[in-house]
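Okay, so here's the structure we're looking at.
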Amino acid sequence: MRVWNGGFALTGLLATAVALATDTRPMAIEEIVVTAEKRETALMRTPLSVSAFSADTIVNRQLFDPRRLEQFVPSMTYQEAPAGVAINLRGIGTDNTGVGGDTGVSMYVDGIVLGHPFANASTLHDLERIEVLRGPQGTLYGRNSIGGSINFIRKLPEFDPSGSVSAIYGSESRSLVQLSGTTGLVDDLLAVRATYTYEERDGYRRNRATNGRVDDKEENSADIAFLLTPSENLEAVLRADWAQRDGSRSVSFVESIPGAPLNITQAFGARSCFDDSGCVYNAFDPEDMNRTWGVSGTLTWDIAQDLTLKSITSYRESKRRVRMDIDGTEIPFQLYRPGYTESADEMSQEFNLSGVAFDGNLDWITGLYFYDDDGDGVASFTLETITPLLAAAGALAPIPRISTGALAEHAFFEFTLAQEVRSLAAFGQATYHVNDRLRLTSGLRYTQDEKEAVQRHASNFQPTANCPGVEQDRTWSEVTGRGTLDFDLTETVMLYGTVSKGFKAGGFSVTECGGSYDPEILWAYEAGMKGQFLDGRLHVVAAGFYYDYSDIQVRKFVQNTAVILNAAEAEVYGLELEVRALFGGFELDGGLLAQHSEYIDFETLNATRGNVLQDVSGTQLQRAPDFKASLGLQYALEFQGRGSLTPRYEYSYTDQQHHDVFDDPWGRMDGFSLHNLRVDWLSADKRWRLSGFVDNLTDEDYVEFLNPVVAIGGSIAFWAPPRTWGGRLQYIMAR
């Protein structure tokens, strides 16, 4: 850990500003309206565990992608693996981010699911709100929201002209420019909103093998939306978005596995930076290319005063190509080369009908949902270092690559999967107001998933691993639902209890020829309290939960190959707390998670210990820390007609967590603490905003991804971003 003295200098400047200014004190915490139940409800009156972030909060804390959310959502962990993003809530997520893998926590943009883990690292701007829903969302959101869902809601077009121009400059020559604006095109009929963002940044680290900078980023994105209101009861929103992101993530060999049959840092003298997060040794500089575009249409028709029909239609294409040194050393022992590629064409359609009945005592919604996904993926590995040894032993067979059809120059193995997914669902949920204080909610969803796939494997040094093309077609169906009772203890305190069921879709194990696995199931039990105290200056949300988790899709080793199987059961239980408070001119926000998770009745081979059969019952679930905490503290100062200044301090702590199913030190990530500082100045006319920020103030070293790999004799990792700093200038064009 390296301490930056400039951070304390900034703290001193903020203290001086406090002494020279007067404070402005909001009378109460502003209530956030959410759509977690597909209708507008106040956050503190919604009987679900939801963390919500407003448009101002998103901009001030730069919550433009899921990574940043991890610091402010009590039970969320984020992992960006080589193949895709894994997000866990309360320990529930996915261990299969590769070809054909499904998410365990779904991401939605304007009610449209992003169905692939590799697409979940998207950066989103011009947001109205973010909602993080914890627990199974099996009724209204359905498949693959077994752990919860993250909803990104973009701003809508408006008829009154407004806009903004903003720019960021920071460490590693980071620069960001964003243009956003909205206006009416035809009075009371047609409005438009458009946003364009460009961002680039140099790499965080130096690749000592090539002297190049790695972990860099360049991204372009654009979004345009049209609002059409042909009548008072009919509204249509049409959107198109496009993004391209280029950059790299570098793998580091961070720790040796004692007793491994082969350790490439010892056997071949391969150099690595090990626990030095400022550098890497990679045989070549990695590349990561992402391209996405999509169109959508949302039609809302108020058929009658208490009856609304909504249609949500979308189509999206996503592509990714990665070239990477996967062993994390200077030698080309195991490489993603020619590369890892994945593409997906997703189409979805939802119709829902909602209304109010029985003199306002019944709120209800029902709907139909269809999802179609055509996906293709190729994981292509090259082993250059051992090619001469295999060739000398006559162990290389004349087998062509699947991806190119040509004979390979080096030893290789490839996995490919071409898959089509079709999912149909019908759902309904109703809330009955028993009286002025008591409400009962019940909901059900029926889902049918069909997956068709063609699997191929090829290797020129492991001929027994070849799979010429196996076609599979499987169908699964599941009923999920929710029952909730909520009660107003007082006018400002609500109690609730809920039972819910969720599932994650079955699929095909890409590394196993002809292998498949079934859906996993989660039964969740939760009781909570949401209270507003001290005339609205204190908001407290507390929840206790117990999860019964079965048929878990885990990675097991079968005949020295990692495959996905339904092989485990687990239980998770814990307490969550979220607090927001106003006191003496200060604003405080914080969160706390204390949880316990363990596998039950689970045995599997431990490849890092010589393939011994190991009982891992009682071991903590992956990415399920026992403890997490966060704290934010800010103070708003008014400078007598010259604007306002708001300094803010943020702290978060994440306890140690496992990144595989074993309790081995080489698969365990240490706990880490993060400190952030930011200060925001807003002009008196609210047209100019100037901000400064320092993230990871103490330059804490921690990893976002950790994976023990017995074939190289060590654990590989992605280092998280180091300390970063910057400034942001924004001009706001008033309405």
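Residues are named by chain letter and number: chains run A, B, ... in the order of the structure tokens, numbers start at 1 in each chain, and ligands are numbered from 1 in the order shown.
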
Shell of 8 Å around A:Leu383, only C-alpha atoms, local chain residues under 4 positions omitted, as a compact mmCIF listing (two decimals) with C-alpha atoms, in the first residue's frame:
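Ended up saving to selection.txt:
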# COMPACT_ATOMS: atom_id res chain seq x y z
CA PRO A 332 4.30 -17.79 -24.53
CA PHE A 333 3.27 -20.85 -22.56
CA GLN A 334 -0.54 -20.47 -22.77
CA LEU A 335 -2.05 -17.77 -24.95
CA THR A 387 5.61 -26.93 -29.01
CA HIS A 410 2.07 -24.50 -32.64
CA ALA A 411 0.38 -26.80 -30.16
CA PHE A 412 -3.20 -25.72 -29.63

What parts of stretch 313-514 of chain A does DSSP call alpha helix (DSSP H)? I'd like the answer as a list in words.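 Taking stretch 313-514 of chain A and keeping alpha helix (DSSP H) only, one gets Thr387, Pro388, Leu389, Leu390, Ala391 and Ala392 of chain A.
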
What are the nearest atom pairs, with distances in Å to one decimal, for all residues of stretch 18-90 of chain A that come at most 12 Å from stretch 550-574 of chain A, using only C-alpha atoms, set out by chain and rising residue number as JSON lines?
{"residue": "A:Pro74", "atom": "CA", "partner": "A:Gly574", "partner_atom": "CA", "distance": 11.4}
{"residue": "A:Ser75", "atom": "CA", "partner": "A:Gly574", "partner_atom": "CA", "distance": 9.9}
{"residue": "A:Leu89", "atom": "CA", "partner": "A:Val572", "partner_atom": "CA", "distance": 11.1}
{"residue": "A:Arg90", "atom": "CA", "partner": "A:Val572", "partner_atom": "CA", "distance": 7.7}

Which residues come within 8 Å of stretch 148-150 of chain A, counting only C-alpha atoms, excluding same-chain residues fewer than 2 positions away, as a list of chain:residue names?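 With the cut-off at 8 Å, the set is A:Leu89, A:Gly104, A:Val105, A:Ser106, A:Met107, A:Tyr108, A:Ile130, A:Glu131, A:Val132, A:Leu133, A:Arg134, A:Gly135, A:Pro136, A:Gln137, A:Ser145, A:Ile146, A:Phe152.
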
Spatial neighbours of stretch 258-269 of chain A, max dist 9 Å, only C-alpha atoms, sep filter under 3 positions, as an MDAnalysis selection string: chainID A and resid 253 272 327 329 331 333 385 607:610 710:714

Residues within 8 Å of stretch 627-642 of chain A, only C-alpha atoms, excluding chain neighbours under 4 positions, as an mmCIF file with all heavy atoms, in the first residue's frame:
data_model
loop_
_atom_site.group_PDB
_atom_site.id
_atom_site.type_symbol
_atom_site.label_atom_id
_atom_site.label_comp_id
_atom_site.auth_asym_id
_atom_site.auth_seq_id
_atom_site.Cartn_x
_atom_site.Cartn_y
_atom_site.Cartn_z
ATOM 1 N N VAL A 18 -14.223 24.919 4.521
ATOM 2 C CA VAL A 18 -15.287 24.827 5.522
ATOM 3 C C VAL A 18 -15.249 26.024 6.456
ATOM 4 O O VAL A 18 -16.280 26.577 6.848
ATOM 5 C CB VAL A 18 -15.165 23.505 6.312
ATOM 6 C CG1 VAL A 18 -16.113 23.489 7.496
ATOM 7 C CG2 VAL A 18 -15.436 22.323 5.408
ATOM 8 N N ALA A 21 -16.829 29.300 4.813
ATOM 9 C CA ALA A 21 -18.152 29.265 4.208
ATOM 10 C C ALA A 21 -19.208 28.928 5.242
ATOM 11 O O ALA A 21 -18.923 28.500 6.350
ATOM 12 C CB ALA A 21 -18.172 28.239 3.086
ATOM 13 N N THR A 22 -20.440 29.148 4.825
ATOM 14 C CA THR A 22 -21.576 28.752 5.648
ATOM 15 C C THR A 22 -22.194 27.512 5.051
ATOM 16 O O THR A 22 -21.990 27.193 3.887
ATOM 17 C CB THR A 22 -22.624 29.878 5.686
ATOM 18 O OG1 THR A 22 -23.034 30.153 4.351
ATOM 19 C CG2 THR A 22 -22.045 31.127 6.312
ATOM 20 N N ASP A 23 -22.933 26.755 5.862
ATOM 21 C CA ASP A 23 -23.504 25.506 5.375
ATOM 22 C C ASP A 23 -24.939 25.696 4.906
ATOM 23 O O ASP A 23 -25.636 26.594 5.345
ATOM 24 C CB ASP A 23 -23.454 24.438 6.469
ATOM 25 C CG ASP A 23 -24.328 24.809 7.649
ATOM 26 O OD1 ASP A 23 -23.969 25.737 8.390
ATOM 27 O OD2 ASP A 23 -25.400 24.183 7.806
ATOM 28 N N THR A 24 -25.328 24.853 3.966
ATOM 29 C CA THR A 24 -26.721 24.795 3.529
ATOM 30 C C THR A 24 -27.277 23.463 3.974
ATOM 31 O O THR A 24 -26.649 22.423 3.772
ATOM 32 C CB THR A 24 -26.819 24.915 1.996
ATOM 33 O OG1 THR A 24 -26.083 23.855 1.410
ATOM 34 C CG2 THR A 24 -26.258 26.245 1.523
ATOM 35 N N ARG A 25 -28.456 23.460 4.580
ATOM 36 C CA ARG A 25 -28.966 22.263 5.226
ATOM 37 C C ARG A 25 -30.325 21.884 4.663
ATOM 38 O O ARG A 25 -31.309 22.549 4.964
ATOM 39 C CB ARG A 25 -29.075 22.488 6.734
ATOM 40 C CG ARG A 25 -27.769 22.971 7.358
ATOM 41 C CD ARG A 25 -27.856 23.033 8.864
ATOM 42 N NE ARG A 25 -26.617 23.504 9.444
ATOM 43 C CZ ARG A 25 -26.341 23.499 10.741
ATOM 44 N NH1 ARG A 25 -27.240 23.047 11.595
ATOM 45 N NH2 ARG A 25 -25.187 23.944 11.185
ATOM 46 N N GLN A 71 -18.728 -0.580 -4.650
ATOM 47 C CA GLN A 71 -18.355 0.129 -3.432
ATOM 48 C C GLN A 71 -19.555 0.628 -2.646
ATOM 49 O O GLN A 71 -19.420 0.922 -1.448
ATOM 50 C CB GLN A 71 -17.440 1.310 -3.773
ATOM 51 C CG GLN A 71 -16.114 0.915 -4.376
ATOM 52 C CD GLN A 71 -15.225 2.118 -4.615
ATOM 53 O OE1 GLN A 71 -15.186 3.052 -3.817
ATOM 54 N NE2 GLN A 71 -14.508 2.115 -5.727
ATOM 55 N N PHE A 72 -20.723 0.741 -3.271
ATOM 56 C CA PHE A 72 -21.855 1.405 -2.628
ATOM 57 C C PHE A 72 -23.067 0.498 -2.423
ATOM 58 O O PHE A 72 -24.056 0.934 -1.841
ATOM 59 C CB PHE A 72 -22.267 2.628 -3.455
ATOM 60 C CG PHE A 72 -21.138 3.587 -3.707
ATOM 61 C CD1 PHE A 72 -20.509 3.630 -4.943
ATOM 62 C CD2 PHE A 72 -20.680 4.407 -2.701
ATOM 63 C CE1 PHE A 72 -19.456 4.489 -5.173
ATOM 64 C CE2 PHE A 72 -19.621 5.278 -2.919
ATOM 65 C CZ PHE A 72 -19.004 5.323 -4.154
ATOM 66 N N PRO A 74 -24.246 -2.892 -0.558
ATOM 67 C CA PRO A 74 -23.682 -3.682 0.542
ATOM 68 C C PRO A 74 -23.267 -5.095 0.169
ATOM 69 O O PRO A 74 -22.238 -5.576 0.637
ATOM 70 C CB PRO A 74 -24.810 -3.692 1.584
ATOM 71 C CG PRO A 74 -25.637 -2.508 1.280
ATOM 72 C CD PRO A 74 -25.538 -2.301 -0.201
ATOM 73 N N SER A 75 -24.057 -5.786 -0.644
ATOM 74 C CA SER A 75 -23.792 -7.213 -0.867
ATOM 75 C C SER A 75 -23.296 -7.524 -2.264
ATOM 76 O O SER A 75 -23.312 -8.666 -2.688
ATOM 77 C CB SER A 75 -25.072 -8.011 -0.606
ATOM 78 O OG SER A 75 -26.136 -7.521 -1.396
ATOM 79 N N GLY A 585 -25.701 19.916 8.934
ATOM 80 C CA GLY A 585 -25.147 20.308 7.644
ATOM 81 C C GLY A 585 -24.451 19.180 6.909
ATOM 82 O O GLY A 585 -24.117 19.324 5.731
ATOM 83 N N PHE A 586 -24.217 18.064 7.582
ATOM 84 C CA PHE A 586 -23.582 16.909 6.950
ATOM 85 C C PHE A 586 -24.622 15.983 6.330
ATOM 86 O O PHE A 586 -25.747 15.890 6.815
ATOM 87 C CB PHE A 586 -22.756 16.116 7.972
ATOM 88 C CG PHE A 586 -21.495 16.800 8.409
ATOM 89 C CD1 PHE A 586 -21.481 17.602 9.542
ATOM 90 C CD2 PHE A 586 -20.326 16.640 7.682
ATOM 91 C CE1 PHE A 586 -20.320 18.231 9.958
ATOM 92 C CE2 PHE A 586 -19.161 17.272 8.089
ATOM 93 C CZ PHE A 586 -19.152 18.072 9.225
ATOM 94 N N GLU A 587 -24.200 15.294 5.277
ATOM 95 C CA GLU A 587 -24.991 14.211 4.701
ATOM 96 C C GLU A 587 -24.163 12.928 4.785
ATOM 97 O O GLU A 587 -23.006 12.908 4.373
ATOM 98 C CB GLU A 587 -25.350 14.496 3.239
ATOM 99 C CG GLU A 587 -26.265 15.685 3.052
ATOM 100 C CD GLU A 587 -26.721 15.849 1.611
ATOM 101 O OE1 GLU A 587 -26.943 14.803 0.953
ATOM 102 O OE2 GLU A 587 -26.829 16.988 1.149
ATOM 103 N N LEU A 588 -24.775 11.899 5.308
ATOM 104 C CA LEU A 588 -24.087 10.627 5.504
ATOM 105 C C LEU A 588 -24.846 9.519 4.791
ATOM 106 O O LEU A 588 -26.080 9.487 4.815
ATOM 107 C CB LEU A 588 -23.957 10.316 6.995
ATOM 108 C CG LEU A 588 -23.294 8.987 7.396
ATOM 109 C CD1 LEU A 588 -22.486 9.166 8.676
ATOM 110 C CD2 LEU A 588 -24.350 7.881 7.594
ATOM 111 N N ASP A 589 -24.118 8.630 4.156
ATOM 112 C CA ASP A 589 -24.721 7.428 3.595
ATOM 113 C C ASP A 589 -23.780 6.262 3.865
ATOM 114 O O ASP A 589 -22.555 6.424 3.873
ATOM 115 C CB ASP A 589 -24.980 7.578 2.090
ATOM 116 C CG ASP A 589 -23.727 7.950 1.310
ATOM 117 O OD1 ASP A 589 -22.989 7.042 0.900
ATOM 118 O OD2 ASP A 589 -23.502 9.159 1.111
ATOM 119 N N GLY A 590 -24.357 5.103 4.117
ATOM 120 C CA GLY A 590 -23.521 3.959 4.432
ATOM 121 C C GLY A 590 -24.259 2.654 4.265
ATOM 122 O O GLY A 590 -25.490 2.606 4.179
ATOM 123 N N GLY A 591 -23.503 1.583 4.220
ATOM 124 C CA GLY A 591 -24.082 0.250 4.082
ATOM 125 C C GLY A 591 -23.243 -0.768 4.828
ATOM 126 O O GLY A 591 -22.047 -0.574 5.068
ATOM 127 N N LEU A 592 -23.873 -1.864 5.198
ATOM 128 C CA LEU A 592 -23.205 -2.907 5.965
ATOM 129 C C LEU A 592 -23.784 -4.257 5.578
ATOM 130 O O LEU A 592 -25.006 -4.402 5.421
ATOM 131 C CB LEU A 592 -23.412 -2.664 7.461
ATOM 132 C CG LEU A 592 -22.644 -3.542 8.448
ATOM 133 C CD1 LEU A 592 -21.158 -3.206 8.408
ATOM 134 C CD2 LEU A 592 -23.191 -3.337 9.857
ATOM 135 N N LEU A 593 -22.931 -5.239 5.413
ATOM 136 C CA LEU A 593 -23.348 -6.615 5.160
ATOM 137 C C LEU A 593 -22.584 -7.539 6.089
ATOM 138 O O LEU A 593 -21.353 -7.464 6.180
ATOM 139 C CB LEU A 593 -23.054 -7.022 3.708
ATOM 140 C CG LEU A 593 -23.185 -8.526 3.407
ATOM 141 C CD1 LEU A 593 -24.648 -8.953 3.393
ATOM 142 C CD2 LEU A 593 -22.500 -8.898 2.102
ATOM 143 N N ALA A 594 -23.303 -8.410 6.792
ATOM 144 C CA ALA A 594 -22.707 -9.502 7.551
ATOM 145 C C ALA A 594 -23.427 -10.770 7.109
ATOM 146 O O ALA A 594 -24.646 -10.883 7.278
ATOM 147 C CB ALA A 594 -22.867 -9.280 9.048
ATOM 148 N N GLN A 595 -22.690 -11.703 6.519
ATOM 149 C CA GLN A 595 -23.345 -12.889 5.976
ATOM 150 C C GLN A 595 -22.472 -14.126 6.188
ATOM 151 O O GLN A 595 -21.257 -14.039 6.407
ATOM 152 C CB GLN A 595 -23.688 -12.727 4.499
ATOM 153 C CG GLN A 595 -22.510 -12.806 3.556
ATOM 154 C CD GLN A 595 -22.912 -12.702 2.088
ATOM 155 O OE1 GLN A 595 -24.072 -12.569 1.737
ATOM 156 N NE2 GLN A 595 -21.929 -12.747 1.207
ATOM 157 N N THR A 646 -19.103 21.263 -2.281
ATOM 158 C CA THR A 646 -19.451 20.056 -1.533
ATOM 159 C C THR A 646 -18.266 19.105 -1.520
ATOM 160 O O THR A 646 -18.012 18.407 -2.504
ATOM 161 C CB THR A 646 -20.669 19.348 -2.150
ATOM 162 O OG1 THR A 646 -21.768 20.256 -2.229
ATOM 163 C CG2 THR A 646 -21.078 18.142 -1.312
ATOM 164 N N PRO A 647 -17.494 19.073 -0.436
ATOM 165 C CA PRO A 647 -16.459 18.053 -0.301
ATOM 166 C C PRO A 647 -17.080 16.740 0.181
ATOM 167 O O PRO A 647 -18.055 16.737 0.938
ATOM 168 C CB PRO A 647 -15.525 18.632 0.761
ATOM 169 C CG PRO A 647 -16.374 19.543 1.568
ATOM 170 C CD PRO A 647 -17.449 20.055 0.661
ATOM 171 N N ARG A 648 -16.506 15.615 -0.264
ATOM 172 C CA ARG A 648 -17.057 14.313 0.078
ATOM 173 C C ARG A 648 -15.924 13.311 0.288
ATOM 174 O O ARG A 648 -14.942 13.290 -0.467
ATOM 175 C CB ARG A 648 -17.990 13.810 -1.028
ATOM 176 C CG ARG A 648 -18.544 12.393 -0.798
ATOM 177 C CD ARG A 648 -19.499 11.964 -1.894
ATOM 178 N NE ARG A 648 -19.849 10.552 -1.780
ATOM 179 C CZ ARG A 648 -20.805 10.070 -0.983
ATOM 180 N NH1 ARG A 648 -21.498 10.918 -0.227
ATOM 181 N NH2 ARG A 648 -21.050 8.781 -0.919
ATOM 182 N N TYR A 649 -16.100 12.478 1.312
ATOM 183 C CA TYR A 649 -15.177 11.383 1.599
ATOM 184 C C TYR A 649 -15.939 10.066 1.510
ATOM 185 O O TYR A 649 -17.083 9.966 1.977
ATOM 186 C CB TYR A 649 -14.575 11.534 2.998
ATOM 187 C CG TYR A 649 -13.869 10.298 3.494
ATOM 188 C CD1 TYR A 649 -12.632 9.934 2.988
ATOM 189 C CD2 TYR A 649 -14.460 9.486 4.464
ATOM 190 C CE1 TYR A 649 -11.985 8.788 3.433
ATOM 191 C CE2 TYR A 649 -13.828 8.340 4.919
ATOM 192 C CZ TYR A 649 -12.586 7.991 4.400
ATOM 193 O OH TYR A 649 -11.956 6.859 4.844
ATOM 194 N N GLU A 650 -15.305 9.046 0.916
ATOM 195 C CA GLU A 650 -15.926 7.730 0.769
ATOM 196 C C GLU A 650 -14.955 6.650 1.250
ATOM 197 O O GLU A 650 -13.747 6.718 0.983
ATOM 198 C CB GLU A 650 -16.282 7.452 -0.697
ATOM 199 C CG GLU A 650 -17.303 8.403 -1.272
ATOM 200 C CD GLU A 650 -17.417 8.318 -2.773
ATOM 201 O OE1 GLU A 650 -16.592 7.617 -3.410
ATOM 202 O OE2 GLU A 650 -18.333 8.961 -3.329
ATOM 203 N N TYR A 651 -15.508 5.666 1.923
ATOM 204 C CA TYR A 651 -14.722 4.530 2.405
ATOM 205 C C TYR A 651 -15.511 3.248 2.155
ATOM 206 O O TYR A 651 -16.734 3.217 2.336
ATOM 207 C CB TYR A 651 -14.431 4.657 3.899
ATOM 208 C CG TYR A 651 -13.885 3.384 4.519
ATOM 209 C CD1 TYR A 651 -12.545 3.047 4.365
ATOM 210 C CD2 TYR A 651 -14.713 2.526 5.249
ATOM 211 C CE1 TYR A 651 -12.042 1.882 4.919
ATOM 212 C CE2 TYR A 651 -14.219 1.356 5.806
ATOM 213 C CZ TYR A 651 -12.879 1.039 5.640
ATOM 214 O OH TYR A 651 -12.385 -0.115 6.187
ATOM 215 N N SER A 652 -14.809 2.198 1.743
ATOM 216 C CA SER A 652 -15.455 0.896 1.615
ATOM 217 C C SER A 652 -14.462 -0.192 1.986
ATOM 218 O O SER A 652 -13.250 -0.067 1.759
ATOM 219 C CB SER A 652 -15.987 0.667 0.194
ATOM 220 O OG SER A 652 -14.933 0.630 -0.748
ATOM 221 N N TYR A 653 -15.001 -1.254 2.566
ATOM 222 C CA TYR A 653 -14.178 -2.406 2.936
ATOM 223 C C TYR A 653 -14.874 -3.669 2.473
ATOM 224 O O TYR A 653 -16.093 -3.838 2.665
ATOM 225 C CB TYR A 653 -13.964 -2.475 4.452
ATOM 226 C CG TYR A 653 -13.281 -3.755 4.883
ATOM 227 C CD1 TYR A 653 -11.916 -3.931 4.681
ATOM 228 C CD2 TYR A 653 -14.010 -4.803 5.452
ATOM 229 C CE1 TYR A 653 -11.288 -5.109 5.042
ATOM 230 C CE2 TYR A 653 -13.386 -5.992 5.820
ATOM 231 C CZ TYR A 653 -12.026 -6.136 5.614
ATOM 232 O OH TYR A 653 -11.408 -7.307 5.966
ATOM 233 N N THR A 654 -14.105 -4.565 1.866
ATOM 234 C CA THR A 654 -14.596 -5.875 1.447
ATOM 235 C C THR A 654 -13.717 -6.940 2.068
ATOM 236 O O THR A 654 -12.494 -6.924 1.903
ATOM 237 C CB THR A 654 -14.579 -6.013 -0.084
ATOM 238 O OG1 THR A 654 -15.388 -4.994 -0.669
ATOM 239 C CG2 THR A 654 -15.119 -7.374 -0.513
ATOM 240 N N ASP A 655 -14.336 -7.866 2.782
ATOM 241 C CA ASP A 655 -13.618 -8.930 3.461
ATOM 242 C C ASP A 655 -13.042 -9.916 2.439
ATOM 243 O O ASP A 655 -13.376 -9.872 1.249
ATOM 244 C CB ASP A 655 -14.582 -9.641 4.405
ATOM 245 C CG ASP A 655 -13.878 -10.324 5.572
ATOM 246 O OD1 ASP A 655 -12.631 -10.323 5.601
ATOM 247 O OD2 ASP A 655 -14.580 -10.861 6.460
ATOM 248 N N SER A 683 -21.952 26.547 -9.603
ATOM 249 C CA SER A 683 -22.123 28.000 -9.635
ATOM 250 C C SER A 683 -23.503 28.393 -9.127
ATOM 251 O O SER A 683 -24.435 27.578 -9.084
ATOM 252 C CB SER A 683 -21.920 28.520 -11.063
ATOM 253 O OG SER A 683 -22.930 28.006 -11.920
ATOM 254 N N ALA A 684 -23.626 29.668 -8.771
ATOM 255 C CA ALA A 684 -24.884 30.151 -8.198
ATOM 256 C C ALA A 684 -26.042 30.021 -9.181
ATOM 257 O O ALA A 684 -27.184 29.774 -8.768
ATOM 258 C CB ALA A 684 -24.729 31.606 -7.752
#

If we count only C-alpha atoms and set the cut-off at 10 Å, which residues sit around A:Asp65, ignoring sequence neighbours fewer than 6 positions away in its own chain? Please answer as JSON, numbers by chain. {"A": [58, 120, 121, 122, 123, 124, 125, 152]}

Could you save the residues just selected, with N, CA and C atoms, as a PDB file, in the first residue's frame?
ATOM      1  N   ILE A  58     -25.212   9.576  -9.595  1.00  0.00           N
ATOM      2  CA  ILE A  58     -24.490   8.819 -10.626  1.00  0.00           C
ATOM      3  C   ILE A  58     -23.347   9.640 -11.196  1.00  0.00           C
ATOM      4  N   ASN A 120     -21.657  -7.242 -20.143  1.00  0.00           N
ATOM      5  CA  ASN A 120     -22.045  -6.562 -18.915  1.00  0.00           C
ATOM      6  C   ASN A 120     -20.998  -5.609 -18.365  1.00  0.00           C
ATOM      7  N   ALA A 121     -19.918  -5.397 -19.120  1.00  0.00           N
ATOM      8  CA  ALA A 121     -18.931  -4.393 -18.732  1.00  0.00           C
ATOM      9  C   ALA A 121     -19.197  -3.066 -19.433  1.00  0.00           C
ATOM     10  N   SER A 122     -20.352  -2.929 -20.041  1.00  0.00           N
ATOM     11  CA  SER A 122     -20.677  -1.731 -20.815  1.00  0.00           C
ATOM     12  C   SER A 122     -20.673  -0.485 -19.934  1.00  0.00           C
ATOM     13  N   THR A 123     -20.209   0.605 -20.516  1.00  0.00           N
ATOM     14  CA  THR A 123     -20.272   1.909 -19.853  1.00  0.00           C
ATOM     15  C   THR A 123     -21.528   2.630 -20.340  1.00  0.00           C
ATOM     16  N   LEU A 124     -22.298   3.166 -19.407  1.00  0.00           N
ATOM     17  CA  LEU A 124     -23.557   3.816 -19.734  1.00  0.00           C
ATOM     18  C   LEU A 124     -23.565   5.241 -19.187  1.00  0.00           C
ATOM     19  N   HIS A 125     -24.034   6.167 -20.009  1.00  0.00           N
ATOM     20  CA  HIS A 125     -24.056   7.576 -19.629  1.00  0.00           C
ATOM     21  C   HIS A 125     -25.473   8.135 -19.784  1.00  0.00           C
ATOM     22  N   PHE A 152     -30.563  -0.188 -15.238  1.00  0.00           N
ATOM     23  CA  PHE A 152     -30.087   1.127 -15.656  1.00  0.00           C
ATOM     24  C   PHE A 152     -31.220   1.800 -16.432  1.00  0.00           C
TER      25      PHE A 152
END

Name the residues in contact with stretch 339-352 of chain A at a cut-off of 7 Å, using only C-alpha atoms, excluding same-chain residues fewer than 6 positions from it; report them as number ranges by chain. A: 99, 309-323, 365-380

With 12 Å as the cut-off and only C-alpha atoms counted, what is the closest atom pair between each nearby residue of stretch 472-591 of chain A and stretch 415-436 of chain A? Distances in Å to one decimal, ordered by chain and number, as CSV.
residue,atom,partner,partner_atom,distance
A:Gln472,CA,A:Gln419,CA,9.3
A:Asp473,CA,A:Glu420,CA,9.5
A:Arg474,CA,A:Val421,CA,10.0
A:Thr475,CA,A:Arg422,CA,9.4
A:Trp476,CA,A:Ser423,CA,9.6
A:Ser477,CA,A:Leu424,CA,9.4
A:Glu478,CA,A:Ala425,CA,9.6
A:Val479,CA,A:Ala425,CA,9.6
A:Thr480,CA,A:Phe427,CA,9.3
A:Gly481,CA,A:Gln429,CA,8.8
A:Arg482,CA,A:Gln429,CA,8.4
A:Gly483,CA,A:Gln429,CA,9.4
A:Thr484,CA,A:Thr431,CA,8.8
A:Leu485,CA,A:Thr431,CA,9.3
A:Asp486,CA,A:His433,CA,9.7
A:Phe487,CA,A:Asp436,CA,9.1
A:Asp488,CA,A:Asp436,CA,8.3
A:Leu489,CA,A:Asp436,CA,11.0
A:Thr490,CA,A:Asp436,CA,11.0
A:Glu491,CA,A:Asp436,CA,10.3
A:Ala505,CA,A:Ser423,CA,9.8
A:Gly506,CA,A:Val421,CA,10.8
A:Gly507,CA,A:Val421,CA,9.6
A:Phe508,CA,A:Leu417,CA,8.9
A:Ser509,CA,A:Leu417,CA,9.5
A:Val510,CA,A:Leu417,CA,6.5
A:Thr511,CA,A:Phe415,CA,6.5
A:Glu512,CA,A:Phe415,CA,9.2
A:Cys513,CA,A:Phe415,CA,9.5
A:Gly514,CA,A:Leu417,CA,11.0
A:Gly515,CA,A:Leu417,CA,11.8

Output as a ChimeraX atom specification all residues of stretch 489-547 of chain A that backbone DSSP marks as strand (DSSP E). /A:493-504,507-508,516-517,520-533,538-547

Check the smallest atom-to-atom distance from each of A:Ala720, A:Ile32, A:Met76, A:Ala543 to A:Asp699 using only C-alpha atoms, then report the winner.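 Closest residue, counting only C-alpha atoms: A:Ala720.
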
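Between atom CA of A:Arg439 and atom CA of A:Ala36 the separation is 17.0 Å.
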
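Closest to A:Phe602 among A:Phe662, A:Phe358, A:Tyr446, A:Tyr198 is A:Phe662, based on only C-alpha atoms.
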
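Between atom CA of A:His659 and atom CA of A:Ala717 the separation is 10.4 Å.
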